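Quick look at upload.cif (mmCIF, C-alpha atoms and all ligand atoms):
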data_protein
loop_
_atom_site.label_atom_id
_atom_site.label_comp_id
_atom_site.auth_asym_id
_atom_site.auth_seq_id
_atom_site.Cartn_x
_atom_site.Cartn_y
_atom_site.Cartn_z
CA MET A 6 -65.85 63.08 216.76
CA ILE A 7 -69.28 62.51 218.24
CA PRO A 8 -69.60 62.58 222.05
CA ALA A 9 -70.64 59.45 223.95
CA ALA A 10 -74.35 59.49 224.84
CA PHE A 11 -75.34 61.44 227.97
CA ASP A 12 -78.50 62.60 229.71
CA TYR A 13 -79.18 66.32 229.81
CA ALA A 14 -80.71 68.50 232.52
CA CYS A 15 -81.42 72.21 232.38
CA PRO A 16 -82.13 73.42 235.95
CA THR A 17 -83.35 76.96 236.60
CA SER A 18 -82.00 77.30 240.16
CA VAL A 19 -78.72 76.72 242.00
CA GLU A 20 -80.54 74.42 244.43
CA GLU A 21 -81.78 72.17 241.61
CA ALA A 22 -78.32 72.08 239.99
CA VAL A 23 -76.72 71.16 243.34
CA ARG A 24 -79.32 68.43 243.94
CA LEU A 25 -78.42 66.89 240.56
CA LEU A 26 -74.69 67.18 241.30
CA ALA A 27 -75.22 65.43 244.64
CA GLU A 28 -77.21 62.67 242.96
CA TYR A 29 -74.79 62.00 240.09
CA GLY A 30 -71.46 62.94 241.76
CA GLU A 31 -68.40 62.41 239.52
CA GLU A 32 -70.69 61.19 236.74
CA ALA A 33 -72.14 64.68 236.18
CA LYS A 34 -70.56 67.59 234.32
CA VAL A 35 -71.70 71.21 234.51
CA LEU A 36 -72.13 72.94 231.14
CA ALA A 37 -71.40 76.69 231.21
CA GLY A 38 -70.26 78.28 227.91
CA GLY A 39 -69.19 74.90 226.55
CA GLN A 40 -66.00 76.36 225.02
CA SER A 41 -63.83 73.81 226.80
CA LEU A 42 -66.36 71.14 227.79
CA LEU A 43 -67.78 70.53 224.29
CA PRO A 44 -64.34 69.81 222.75
CA MET A 45 -63.65 67.45 225.69
CA LEU A 46 -66.96 65.65 225.11
CA ARG A 47 -66.24 65.35 221.39
CA ARG A 48 -62.75 63.92 222.07
CA ARG A 49 -64.36 61.68 224.72
CA ALA A 50 -61.86 63.06 227.23
CA ALA A 51 -65.02 63.54 229.34
CA ARG A 52 -67.82 60.93 229.35
CA PRO A 53 -70.41 62.16 231.86
CA ARG A 54 -73.65 60.28 232.44
CA LEU A 55 -75.41 63.63 232.95
CA VAL A 56 -74.68 67.11 231.57
CA ILE A 57 -76.14 69.86 233.79
CA ASP A 58 -76.65 72.97 231.66
CA VAL A 59 -76.75 75.96 234.04
CA ASN A 60 -77.42 78.60 231.36
CA ARG A 61 -80.96 79.20 232.65
CA VAL A 62 -79.90 79.85 236.25
CA GLN A 63 -80.31 83.64 236.35
CA ARG A 64 -78.72 83.98 239.83
CA LEU A 65 -75.37 82.96 238.33
CA ARG A 66 -75.19 85.96 235.97
CA GLY A 67 -74.09 89.55 236.51
CA VAL A 68 -71.88 91.60 238.82
CA ARG A 69 -72.85 92.71 242.31
CA GLU A 70 -71.09 95.36 244.38
CA GLU A 71 -70.54 94.88 248.10
CA ALA A 72 -68.83 97.22 250.54
CA ASP A 73 -65.31 95.91 250.00
CA SER A 74 -65.61 93.59 247.00
CA LEU A 75 -67.31 92.71 243.73
CA VAL A 76 -69.06 89.39 243.32
CA ILE A 77 -69.05 88.26 239.69
CA GLY A 78 -71.57 85.53 238.90
CA ALA A 79 -69.95 82.36 237.56
CA MET A 80 -72.08 82.45 234.38
CA THR A 81 -71.13 86.03 233.50
CA THR A 82 -69.67 85.79 230.00
CA HIS A 83 -66.23 87.08 229.09
CA HIS A 84 -67.96 89.69 226.90
CA ASP A 85 -70.07 90.94 229.81
CA VAL A 86 -67.09 90.99 232.19
CA ILE A 87 -65.12 93.14 229.72
CA HIS A 88 -67.95 95.66 229.35
CA ASP A 89 -69.13 95.79 232.95
CA ALA A 90 -68.60 99.25 234.48
CA LEU A 91 -68.04 97.88 238.01
CA VAL A 92 -65.42 95.39 236.79
CA ARG A 93 -63.64 98.06 234.75
CA ARG A 94 -63.55 100.34 237.77
CA HIS A 95 -62.69 97.92 240.59
CA ALA A 96 -61.07 94.97 238.78
CA PRO A 97 -59.42 96.45 235.67
CA LEU A 98 -56.90 93.57 235.57
CA LEU A 99 -59.71 91.06 235.09
CA ALA A 100 -61.28 93.18 232.33
CA SER A 101 -58.03 93.64 230.41
CA ALA A 102 -56.91 90.00 230.73
CA THR A 103 -60.36 88.83 229.59
CA GLU A 104 -60.02 91.00 226.47
CA THR A 105 -57.15 88.70 225.40
CA VAL A 106 -59.20 85.48 225.66
CA GLY A 107 -59.87 83.70 222.36
CA ASP A 108 -61.99 85.57 219.82
CA PRO A 109 -65.38 87.34 219.94
CA ALA A 110 -67.31 84.07 219.53
CA VAL A 111 -65.44 82.45 222.44
CA ARG A 112 -65.91 85.58 224.57
CA HIS A 113 -69.66 85.65 223.92
CA ARG A 114 -70.15 82.05 225.11
CA GLY A 115 -67.28 81.44 227.55
CA THR A 116 -67.77 82.39 231.20
CA VAL A 117 -65.57 83.55 234.05
CA GLY A 118 -66.72 80.62 236.20
CA GLY A 119 -66.11 78.11 233.42
CA SER A 120 -62.57 79.41 232.97
CA ALA A 121 -61.88 79.05 236.70
CA ALA A 122 -63.54 75.64 237.09
CA HIS A 123 -61.78 74.28 233.99
CA ALA A 124 -58.41 75.10 235.65
CA ASP A 125 -56.39 74.94 232.46
CA PRO A 126 -52.79 75.86 233.34
CA ALA A 127 -52.68 77.87 230.07
CA GLY A 128 -55.88 79.77 230.98
CA ASP A 129 -55.46 83.53 231.20
CA LEU A 130 -57.89 84.17 234.05
CA PRO A 131 -56.69 81.81 236.84
CA PRO A 132 -53.40 83.77 237.36
CA VAL A 133 -55.46 86.97 237.45
CA MET A 134 -57.53 85.46 240.26
CA LEU A 135 -54.29 84.74 242.15
CA ALA A 136 -52.95 88.27 241.62
CA LEU A 137 -56.27 89.77 242.77
CA ASN A 138 -56.51 87.52 245.86
CA ALA A 139 -59.94 86.47 244.64
CA GLY A 140 -62.24 84.13 246.54
CA MET A 141 -64.08 81.37 244.69
CA VAL A 142 -67.63 81.05 246.00
CA ALA A 143 -69.00 77.49 245.92
CA GLU A 144 -72.44 76.15 246.86
CA GLY A 145 -73.25 72.54 247.66
CA PRO A 146 -75.54 70.44 249.85
CA ARG A 147 -73.58 71.56 252.95
CA GLY A 148 -74.07 75.24 252.14
CA ARG A 149 -71.83 77.99 250.80
CA ARG A 150 -68.08 78.45 251.23
CA THR A 151 -65.42 80.73 249.79
CA ILE A 152 -62.18 79.11 248.67
CA PRO A 153 -59.16 81.42 248.32
CA ALA A 154 -57.85 81.33 244.73
CA ALA A 155 -54.48 80.19 246.14
CA GLU A 156 -56.17 76.96 247.33
CA PHE A 157 -58.64 76.54 244.47
CA PHE A 158 -56.30 75.37 241.68
CA VAL A 159 -55.15 71.93 242.81
CA ASP A 160 -53.70 70.33 239.67
CA ARG A 161 -54.03 70.38 235.88
CA LEU A 162 -57.82 70.61 235.24
CA VAL A 163 -58.48 69.87 238.93
CA THR A 164 -59.94 72.32 241.46
CA ALA A 165 -60.85 72.22 245.14
CA LEU A 166 -64.57 72.01 244.24
CA GLU A 167 -66.22 68.87 245.60
CA ALA A 168 -68.15 66.75 243.08
CA ASP A 169 -71.44 68.07 244.50
CA GLU A 170 -70.42 71.75 244.54
CA LEU A 171 -71.24 74.40 241.97
CA LEU A 172 -69.02 77.44 241.53
CA VAL A 173 -71.52 80.28 241.89
CA GLY A 174 -69.27 83.32 241.74
CA ILE A 175 -65.91 84.99 242.17
CA ARG A 176 -65.35 87.54 244.89
CA VAL A 177 -62.76 90.18 243.99
CA PRO A 178 -61.62 92.57 246.74
CA LYS A 179 -61.78 96.23 245.72
CA PRO A 180 -58.24 97.63 245.59
CA ALA A 181 -57.22 100.51 247.85
CA GLU A 182 -55.44 103.61 246.55
CA GLY A 183 -51.99 103.12 245.04
CA TRP A 184 -52.50 99.77 243.30
CA GLY A 185 -51.64 99.30 239.63
CA PHE A 186 -52.32 96.30 237.38
CA HIS A 187 -51.25 94.76 234.12
CA TYR A 188 -51.59 91.48 232.20
CA GLU A 189 -49.01 90.37 229.62
CA LYS A 190 -49.05 87.16 227.64
CA PHE A 191 -47.22 85.58 224.77
CA GLN A 192 -48.90 83.35 222.23
CA PRO A 193 -47.23 82.43 218.95
CA SER A 194 -50.39 83.11 216.93
CA ALA A 195 -53.86 84.53 217.56
CA GLN A 196 -55.64 81.20 218.11
CA ALA A 197 -52.72 79.40 219.83
CA PRO A 198 -52.86 78.75 223.57
CA THR A 199 -50.98 81.17 225.82
CA LEU A 200 -47.35 80.04 226.14
CA VAL A 201 -46.86 82.12 229.29
CA GLY A 202 -49.09 84.74 230.93
CA VAL A 203 -48.21 87.14 233.74
CA ALA A 204 -50.84 88.93 235.85
CA VAL A 205 -49.46 91.69 238.07
CA ALA A 206 -50.86 93.77 240.91
CA VAL A 207 -48.44 96.23 242.56
CA ARG A 208 -48.88 98.78 245.30
CA ARG A 209 -46.76 101.84 244.99
CA GLU A 210 -45.71 104.12 247.84
CA SER A 211 -44.02 107.26 246.48
CA GLY A 212 -40.76 106.11 244.86
CA SER A 213 -40.92 102.47 245.78
CA ILE A 214 -42.97 99.31 245.33
CA ALA A 215 -44.53 98.40 248.66
CA GLU A 216 -46.12 95.11 247.64
CA ALA A 217 -46.49 92.94 244.53
CA ARG A 218 -48.65 89.95 243.62
CA ILE A 219 -47.73 88.11 240.43
CA GLY A 220 -49.74 85.21 238.95
CA LEU A 221 -48.20 83.06 236.21
CA ALA A 222 -50.05 81.05 233.56
CA ASN A 223 -48.53 77.91 232.07
CA MET A 224 -45.48 77.73 234.32
CA GLY A 225 -46.63 74.50 235.99
CA ALA A 226 -49.65 72.24 236.36
CA THR A 227 -51.57 75.04 238.07
CA PRO A 228 -51.35 78.83 237.94
CA LEU A 229 -48.56 79.91 240.32
CA ARG A 230 -47.44 82.95 242.25
CA ALA A 231 -43.97 84.20 241.24
CA ALA A 232 -43.01 84.26 244.92
CA ALA A 233 -39.28 85.03 244.51
CA ALA A 234 -39.95 87.98 242.19
CA GLU A 235 -42.67 89.26 244.55
CA ALA A 236 -40.22 89.13 247.48
CA ALA A 237 -37.55 90.93 245.45
CA LEU A 238 -40.04 93.68 244.53
CA ALA A 239 -41.28 94.32 248.08
CA GLY A 240 -39.62 97.58 249.13
CA ALA A 241 -37.65 97.90 245.85
CA ASP A 242 -37.26 101.24 244.06
CA ALA A 243 -39.83 101.78 241.34
CA THR A 244 -37.09 102.01 238.70
CA GLU A 245 -36.50 100.07 235.50
CA GLU A 246 -33.27 98.60 236.88
CA ALA A 247 -34.79 97.36 240.16
CA VAL A 248 -37.80 95.88 238.36
CA ALA A 249 -35.55 94.12 235.82
CA ARG A 250 -33.48 92.62 238.66
CA ALA A 251 -36.56 91.35 240.49
CA ALA A 252 -38.12 89.97 237.29
CA GLY A 253 -34.98 87.84 236.86
CA ALA A 254 -36.39 85.65 239.66
CA ALA A 255 -39.82 85.18 238.01
CA ALA A 256 -39.27 81.54 237.07
CA GLU A 257 -37.81 80.46 240.44
CA GLY A 258 -39.84 77.70 242.04
CA THR A 259 -41.89 77.06 238.88
CA SER A 260 -42.03 73.83 236.85
CA PRO A 261 -42.83 74.73 233.24
CA MET A 262 -43.37 71.82 230.88
CA SER A 263 -41.39 71.17 227.72
CA CYS A 264 -44.05 70.41 225.14
CA GLY A 265 -45.29 71.27 221.66
CA GLY A 266 -41.77 72.26 220.58
CA THR A 267 -41.45 74.71 223.49
CA PRO A 268 -38.61 73.84 225.87
CA SER A 269 -39.13 74.67 229.53
CA GLU A 270 -36.12 77.05 229.40
CA TYR A 271 -37.93 79.13 226.80
CA ARG A 272 -40.99 79.40 229.03
CA ALA A 273 -38.74 80.45 231.93
CA HIS A 274 -37.20 83.13 229.68
CA LEU A 275 -40.67 84.34 228.70
CA ALA A 276 -41.71 84.51 232.36
CA ARG A 277 -38.76 86.82 233.13
CA VAL A 278 -39.31 89.06 230.10
CA LEU A 279 -43.09 89.31 230.54
CA THR A 280 -42.83 89.88 234.30
CA ARG A 281 -40.44 92.79 233.77
CA ARG A 282 -42.78 94.29 231.19
CA ALA A 283 -45.95 93.69 233.19
CA VAL A 284 -44.56 95.06 236.47
CA LEU A 285 -43.30 98.23 234.76
CA ARG A 286 -46.67 98.77 233.10
CA ALA A 287 -48.51 98.09 236.36
CA VAL A 288 -46.27 100.61 238.17
CA ARG A 289 -46.86 103.17 235.41
CA SER A 290 -50.61 102.63 235.67
CA THR A 291 -50.49 103.98 239.22
CA GLY A 292 -49.84 107.30 237.48
CA ARG A 293 -47.29 108.83 239.87
CA ASN A 294 -43.94 109.95 238.45
CA ALA A 295 -43.98 107.22 235.81
CA VAL A 296 -40.75 105.20 235.55
C1 LIG B 301 -61.06 78.74 220.09
C2 LIG B 301 -60.88 78.94 221.58
C3 LIG B 301 -59.93 79.83 222.03
C4 LIG B 301 -59.76 80.02 223.41
N1 LIG B 301 -58.80 80.90 223.80
C5 LIG B 301 -58.61 81.11 225.13
C6 LIG B 301 -57.62 82.04 225.58
O1 LIG B 301 -56.95 82.74 224.79
N2 LIG B 301 -57.46 82.18 226.92
C7 LIG B 301 -58.22 81.49 227.83
O2 LIG B 301 -58.02 81.66 229.03
N3 LIG B 301 -59.17 80.62 227.44
C8 LIG B 301 -59.38 80.41 226.11
N4 LIG B 301 -60.36 79.53 225.70
C9 LIG B 301 -61.19 78.85 226.72
C10 LIG B 301 -62.37 79.77 227.08
O3 LIG B 301 -61.93 80.81 227.90
C11 LIG B 301 -63.47 79.01 227.81
O4 LIG B 301 -64.53 79.89 227.83
C12 LIG B 301 -63.20 78.54 229.22
O5 LIG B 301 -62.06 77.76 229.38
C13 LIG B 301 -64.32 77.66 229.74
O6 LIG B 301 -65.41 78.44 230.01
P1 LIG B 301 -66.85 77.92 229.60
O7 LIG B 301 -67.80 78.88 230.23
O8 LIG B 301 -66.93 77.75 228.14
O9 LIG B 301 -66.93 76.54 230.39
P2 LIG B 301 -67.33 75.08 229.92
O10 LIG B 301 -66.55 74.69 228.72
O11 LIG B 301 -68.81 74.96 229.83
O12 LIG B 301 -66.83 74.25 231.20
C14 LIG B 301 -65.45 74.07 231.45
C15 LIG B 301 -65.27 73.16 232.68
O13 LIG B 301 -65.69 73.84 233.87
C16 LIG B 301 -66.77 73.15 234.51
N5 LIG B 301 -67.69 74.20 234.97
C17 LIG B 301 -68.15 75.24 234.23
N6 LIG B 301 -68.88 76.06 234.99
C18 LIG B 301 -68.90 75.53 236.24
C19 LIG B 301 -69.50 75.93 237.48
N7 LIG B 301 -70.21 77.06 237.57
N8 LIG B 301 -69.31 75.16 238.56
C20 LIG B 301 -68.58 74.03 238.48
N9 LIG B 301 -67.98 73.60 237.34
C21 LIG B 301 -68.15 74.34 236.23
C22 LIG B 301 -67.35 72.26 233.42
O14 LIG B 301 -68.01 71.13 233.98
C23 LIG B 301 -66.11 71.89 232.64
O15 LIG B 301 -65.41 70.87 233.31
C24 LIG B 301 -60.56 79.31 224.34
C25 LIG B 301 -61.54 78.42 223.88
C26 LIG B 301 -61.71 78.23 222.53
C27 LIG B 301 -62.77 77.28 222.05
#
Transcribe the structure of this file into structure tokens.
Ligand SMILES: Cc1cc2nc3c(=O)[nH]c(=O)nc-3n(C[C@H](O)[C@H](O)[C@H](O)COP(=O)(O)OP(=O)(O)OC[C@H]3O[C@@H](n4cnc5c(N)ncnc54)[C@H](O)[C@@H]3O)c2cc1C
Amino acid sequence: MIPAAFDYACPTSVEEAVRLLAEYGEEAKVLAGGQSLLPMLRRRAARPRLVIDVNRVQRLRGVREEADSLVIGAMTTHHDVIHDALVRRHAPLLASATETVGDPAVRHRGTVGGSAAHADPAGDLPPVMLALNAGMVAEGPRGRRTIPAAEFFVDRLVTALEADELLVGIRVPKPAEGWGFHYEKFQPSAQAPTLVGVAVAVRRESGSIAEARIGLANMGATPLRAAAAEAALAGADATEEAVARAAGAAAEGTSPMSCGGTPSEYRAHLARVLTRRAVLRAVRSTGRNAV
């Protein structure tokens, strides 16, 4: 299909993009990699009066290191995230989950900020942002603010960004010693959307798991924390049996949809299986007396 007609702007600064967003409000759409927006325009699921292409805003690209965190520019492509030395060192979960996104063409165009702002419940990166306790950095006419990932994903394709705010970056805290990470997902075929994804961060203290953060993709309208499994893991032995028991609670409090021939019970089953697998691999990645 051919998109409905729209005006096009190509600002070179955040300030100019924000000014256009403030002027057009809900009638504007930001264009990042276009991997999700262009199909929506073609299906006329989005009919903006103005498309604001932010590809020429250099400030939105690249990864910056601060004392206790990394700030990843919203327009940093999946490809660049995967190959960035700082991301691989301080946010290996983000790098490895991004490796599973789409195909090379999608990863060369698609961006980390576009994936967050699109807020697709099947997206692989939003649950990673939950597991990493990331902060979403937004700029608008009232200045800059950081929205915790836990408050950023409001509903299916809806975020806490105001209509006049641009997502400028994602702040990922650097992990302390003892943390391990893993991302597991299940998709029926290479190009199919993720049926369920599980992003895990665990902190190990000698023979036990001190703390766990688990983000789930496609287990509700937004990415969710597997709160019951996290609680069961806190203080549990780092053994296969204890992890399997805790993972049994992975679907508690979630609301997976039945759609596309996939019953919600099957998604719940996948959440338990993938959580068990991901937690064990995250624990093993801490490298001490592997279970
Ligand atoms: C064939 C194919 C396979 C894919 N497979 C996967 C997959 O396996 N896993 C996965 O997670 N994703 C997958 N995707 C989606 C891909 O990751 C997209 O890159 C991503 O969803 C959107 O990023 P984008 O940069 O292309 O954003 P765009 O499509 O340009 O924008 C998406 C939405 O975010 C808004 N937006 C973008 N940037 C900003 C910003 N800085 N501030 C405010 N709003 C903004 C746009 O207005 C739009 O509403 C796939 C896409 C395709 C086409």
Taking only C-alpha atoms and all ligand atoms into account, which residues have an atom no farther than 7 Å from ligand LIG 301 (chain B)? I'd like them as a PyMOL selection string. chain A and resi 34-43+79-80+105-108+111-112+114-120+122-123+127-130+170-173+196+198-199
Close residues, region 89-93 of chain A itself excluded, 12 Å, only C-alpha atoms, min 6 positions apart in chain, as a list in words: Arg66, Gly67, Val68, Arg69, Glu70, Glu71, Ser74, Leu75, Val76, Ile77, Gly78, Thr81, Thr82, His83, Leu99, Ala100, Ser101, Ala102, Thr103, Glu104, Ile175, Arg176, Val177, Pro178, Lys179, Pro180 and Phe186 of chain A
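The spacing separating CA of Gly145 (chain A) from CA of Pro131 (chain A) amounts to 21.8 Å.
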Compare A:Arg161, A:Arg250, A:Arg289, A:His95 by their minimum atom-to-atom distance to Glu235 (chain A), counting all atoms listed in the file, and give me the closest one.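 When distances to Glu235 (chain A) are compared using all atoms listed in the file, the smallest one comes from A:Arg250.
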For CA of Glu189 (chain A) and CA of Ser211 (chain A), determine how far apart the two atoms are, in Å to one decimal place. 24.4 Å
Out of A:Glu156, A:Asp85, A:Arg277, A:Gly140, which residue has the shortest atom-to-atom distance to Leu229 (chain A) when counting all atoms listed in the file? A:Glu156
Do you know which residues lie at most 8 Å from (-44.4, 79.4, 231.4), with coordinates as in the file and all atoms listed in the file counted, and could you write them as a list in words?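 The requested residues, written out, are Leu200, Val201, Gly202, Leu221, Ala222, Asn223, Met224, Gly225, Ala256, Pro261, Met262, Ser269, Tyr271, Arg272, Ala273, Leu275 and Ala276 of chain A.
The environment of Cys15 (chain A) within 8 Å, counting all atoms listed in the file and disregarding residues fewer than 2 places along the same chain, consists of Tyr13, Thr17, Ile57, Asp58, Val59, Asn60 and Arg61 of chain A.
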Which residues are near Val203 (chain A)? Cut-off 7 Å, all atoms listed in the file, ignore same chain within fewer than 4 positions. Put them as a count of residues only. 10
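One finds CA of Ala33 (chain A) at 20.6 Å from CA of Gln63 (chain A).
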Using only C-alpha atoms, can you tell me which of A:Ala215, A:Cys264, A:Val248, A:Val142 comes closest to Val284 (chain A)?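 Among the listed residues, A:Val248 lies closest to Val284 (chain A).
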With only C-alpha atoms as the counted atoms, please give the residues lying no more than 8 Å from Ala233 (chain A), apart from itself and same-chain residues fewer than 4 positions off, as a PyMOL selection string. chain A and resi 237+251+254-255+257-258
Residues as selected, C-alpha atoms, written as an mmCIF file, keeping the file's coordinate frame, can you do that?
data_model
loop_
_atom_site.group_PDB
_atom_site.id
_atom_site.type_symbol
_atom_site.label_atom_id
_atom_site.label_comp_id
_atom_site.auth_asym_id
_atom_site.auth_seq_id
_atom_site.Cartn_x
_atom_site.Cartn_y
_atom_site.Cartn_z
ATOM 1 C CA ALA A 237 -37.550 90.930 245.450
ATOM 2 C CA ALA A 251 -36.560 91.350 240.490
ATOM 3 C CA ALA A 254 -36.390 85.650 239.660
ATOM 4 C CA ALA A 255 -39.820 85.180 238.010
ATOM 5 C CA GLU A 257 -37.810 80.460 240.440
ATOM 6 C CA GLY A 258 -39.840 77.700 242.040
#
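Each of A:Thr259, A:Gly266, A:His274, A:Pro153 was checked against Pro193 (chain A) using all atoms listed in the file; the smallest atom-to-atom distance is that of A:Gly266.
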Residues near Ala165 (chain A), anyone? I mean within 9 Å using all atoms listed in the file, not counting same-chain ones fewer than 4 positions away, as a PDB file with C-alpha atoms, keeping the file's coordinate frame.
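part_15.pdb, written as the output of this step:
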ATOM      1  CA  ILE A 152     -62.180  79.110 248.670  1.00  0.00           C
ATOM      2  CA  GLU A 156     -56.170  76.960 247.330  1.00  0.00           C
ATOM      3  CA  PHE A 157     -58.640  76.540 244.470  1.00  0.00           C
ATOM      4  CA  PHE A 158     -56.300  75.370 241.680  1.00  0.00           C
ATOM      5  CA  VAL A 159     -55.150  71.930 242.810  1.00  0.00           C
TER       6      VAL A 159
END
Taking into account all atoms listed in the file, which residue in the set A:Arg150, A:Arg47, A:His187, A:His84 is nearest to Arg282 (chain A)?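 Checking each of A:Arg150, A:Arg47, A:His187, A:His84 against Arg282 (chain A), counting all atoms listed in the file, the winner is A:His187.
Of the residues listed (A:Ala231, A:Leu65, A:Leu46, A:Val86), A:Ala231 shows the shortest atom-to-atom separation from Ser260 (chain A); distances use only C-alpha atoms.
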